[in-house]
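Notes follow once the structure below has been shown.
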Amino acid sequence: MVNTATQPLTFEDYLAYDDGTDNRYELVDGQLVVRNPSHIEHLLITQFLEEQLDLEIHRLGLP
């Protein structure tokens, strides 16, 4: 396999990147890295944190 060096992507390049797939990417040191799908545990933690933040916002009377 031949490994060729590529120019690092800028953040603007990352924002404009579209490969026509449903893949999601992270920009790591100028390189695109495919993100793995979220696990149910991550979704449950996110939901819990959102609920806690909503409760605290309501308790403080914030908009």
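Ligands are numbered from 1 in the order shown, chains are lettered A, B, ... in the order of the structure tokens, and residues start at 1 in each chain.
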Which residues are close to region 8-17 of chain A, i.e. within 10 Å by only C-alpha atoms, leaving aside same-chain residues fewer than 6 positions away? Reply as a PDB file with all heavy atoms, in the first residue's frame.
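Output file part.pdb follows:
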ATOM      1  N   TYR A  25     -17.721  13.049  10.164  1.00  0.00           N
ATOM      2  CA  TYR A  25     -16.277  13.097  10.358  1.00  0.00           C
ATOM      3  C   TYR A  25     -15.903  14.068  11.466  1.00  0.00           C
ATOM      4  O   TYR A  25     -16.636  15.009  11.757  1.00  0.00           O
ATOM      5  CB  TYR A  25     -15.585  13.561   9.063  1.00  0.00           C
ATOM      6  CG  TYR A  25     -15.784  12.630   7.906  1.00  0.00           C
ATOM      7  CD1 TYR A  25     -16.833  12.811   7.018  1.00  0.00           C
ATOM      8  CD2 TYR A  25     -14.927  11.564   7.698  1.00  0.00           C
ATOM      9  CE1 TYR A  25     -17.020  11.954   5.946  1.00  0.00           C
ATOM     10  CE2 TYR A  25     -15.108  10.701   6.624  1.00  0.00           C
ATOM     11  CZ  TYR A  25     -16.151  10.901   5.758  1.00  0.00           C
ATOM     12  OH  TYR A  25     -16.329  10.046   4.701  1.00  0.00           O
ATOM     13  N   GLU A  26     -14.742  13.822  12.051  1.00  0.00           N
ATOM     14  CA  GLU A  26     -14.098  14.757  12.949  1.00  0.00           C
ATOM     15  C   GLU A  26     -12.825  15.231  12.256  1.00  0.00           C
ATOM     16  O   GLU A  26     -12.239  14.501  11.466  1.00  0.00           O
ATOM     17  CB  GLU A  26     -13.722  14.080  14.267  1.00  0.00           C
ATOM     18  CG  GLU A  26     -14.898  13.633  15.089  1.00  0.00           C
ATOM     19  CD  GLU A  26     -14.475  12.958  16.375  1.00  0.00           C
ATOM     20  OE1 GLU A  26     -13.421  13.338  16.935  1.00  0.00           O
ATOM     21  OE2 GLU A  26     -15.182  12.060  16.821  1.00  0.00           O
ATOM     22  N   LEU A  27     -12.413  16.444  12.576  1.00  0.00           N
ATOM     23  CA  LEU A  27     -11.163  16.974  12.049  1.00  0.00           C
ATOM     24  C   LEU A  27     -10.116  16.829  13.143  1.00  0.00           C
ATOM     25  O   LEU A  27     -10.203  17.451  14.189  1.00  0.00           O
ATOM     26  CB  LEU A  27     -11.328  18.439  11.647  1.00  0.00           C
ATOM     27  CG  LEU A  27     -10.130  19.106  10.996  1.00  0.00           C
ATOM     28  CD1 LEU A  27      -9.788  18.415   9.673  1.00  0.00           C
ATOM     29  CD2 LEU A  27     -10.401  20.581  10.763  1.00  0.00           C
ATOM     30  N   VAL A  28      -9.137  15.952  12.901  1.00  0.00           N
ATOM     31  CA  VAL A  28      -8.095  15.672  13.890  1.00  0.00           C
ATOM     32  C   VAL A  28      -6.741  15.954  13.261  1.00  0.00           C
ATOM     33  O   VAL A  28      -6.343  15.284  12.308  1.00  0.00           O
ATOM     34  CB  VAL A  28      -8.158  14.202  14.376  1.00  0.00           C
ATOM     35  CG1 VAL A  28      -7.070  13.918  15.386  1.00  0.00           C
ATOM     36  CG2 VAL A  28      -9.533  13.881  14.939  1.00  0.00           C
ATOM     37  N   ASP A  29      -6.078  16.957  13.784  1.00  0.00           N
ATOM     38  CA  ASP A  29      -4.760  17.341  13.262  1.00  0.00           C
ATOM     39  C   ASP A  29      -4.767  17.514  11.742  1.00  0.00           C
ATOM     40  O   ASP A  29      -3.859  17.062  11.041  1.00  0.00           O
ATOM     41  CB  ASP A  29      -3.683  16.331  13.676  1.00  0.00           C
ATOM     42  CG  ASP A  29      -3.463  16.294  15.172  1.00  0.00           C
ATOM     43  OD1 ASP A  29      -3.610  17.363  15.816  1.00  0.00           O
ATOM     44  OD2 ASP A  29      -3.151  15.228  15.691  1.00  0.00           O
ATOM     45  N   GLY A  30      -5.835  18.126  11.236  1.00  0.00           N
ATOM     46  CA  GLY A  30      -5.918  18.407   9.809  1.00  0.00           C
ATOM     47  C   GLY A  30      -6.366  17.242   8.952  1.00  0.00           C
ATOM     48  O   GLY A  30      -6.415  17.356   7.732  1.00  0.00           O
ATOM     49  N   GLN A  31      -6.720  16.119   9.576  1.00  0.00           N
ATOM     50  CA  GLN A  31      -7.155  14.936   8.827  1.00  0.00           C
ATOM     51  C   GLN A  31      -8.598  14.586   9.201  1.00  0.00           C
ATOM     52  O   GLN A  31      -9.002  14.733  10.354  1.00  0.00           O
ATOM     53  CB  GLN A  31      -6.255  13.732   9.137  1.00  0.00           C
ATOM     54  CG  GLN A  31      -4.793  13.961   8.832  1.00  0.00           C
ATOM     55  CD  GLN A  31      -4.540  14.250   7.367  1.00  0.00           C
ATOM     56  OE1 GLN A  31      -5.067  13.599   6.489  1.00  0.00           O
ATOM     57  NE2 GLN A  31      -3.721  15.263   7.107  1.00  0.00           N
ATOM     58  N   LEU A  32      -9.353  14.115   8.217  1.00  0.00           N
ATOM     59  CA  LEU A  32     -10.710  13.658   8.491  1.00  0.00           C
ATOM     60  C   LEU A  32     -10.679  12.262   9.080  1.00  0.00           C
ATOM     61  O   LEU A  32      -9.999  11.372   8.574  1.00  0.00           O
ATOM     62  CB  LEU A  32     -11.531  13.629   7.201  1.00  0.00           C
ATOM     63  CG  LEU A  32     -11.866  14.974   6.594  1.00  0.00           C
ATOM     64  CD1 LEU A  32     -12.626  14.768   5.285  1.00  0.00           C
ATOM     65  CD2 LEU A  32     -12.655  15.835   7.539  1.00  0.00           C
TER      66      LEU A  32
END
Inset, instruction - Return as a list of chain:residue names the full set of residues in chain A whose backbone-based DSSP assignment is helix (DSSP H, G or I). - result: A:Phe11, A:Glu12, A:Asp13, A:Tyr14, A:Leu15, A:Ala16, A:Ile40, A:Glu41, A:His42, A:Leu43, A:Leu44, A:Ile45, A:Thr46, A:Gln47, A:Phe48, A:Leu49, A:Glu50, A:Glu51, A:Gln52, A:Leu53, A:Asp54, A:Leu55, A:Glu56, A:Ile57, A:His58, A:Arg59, A:Leu60
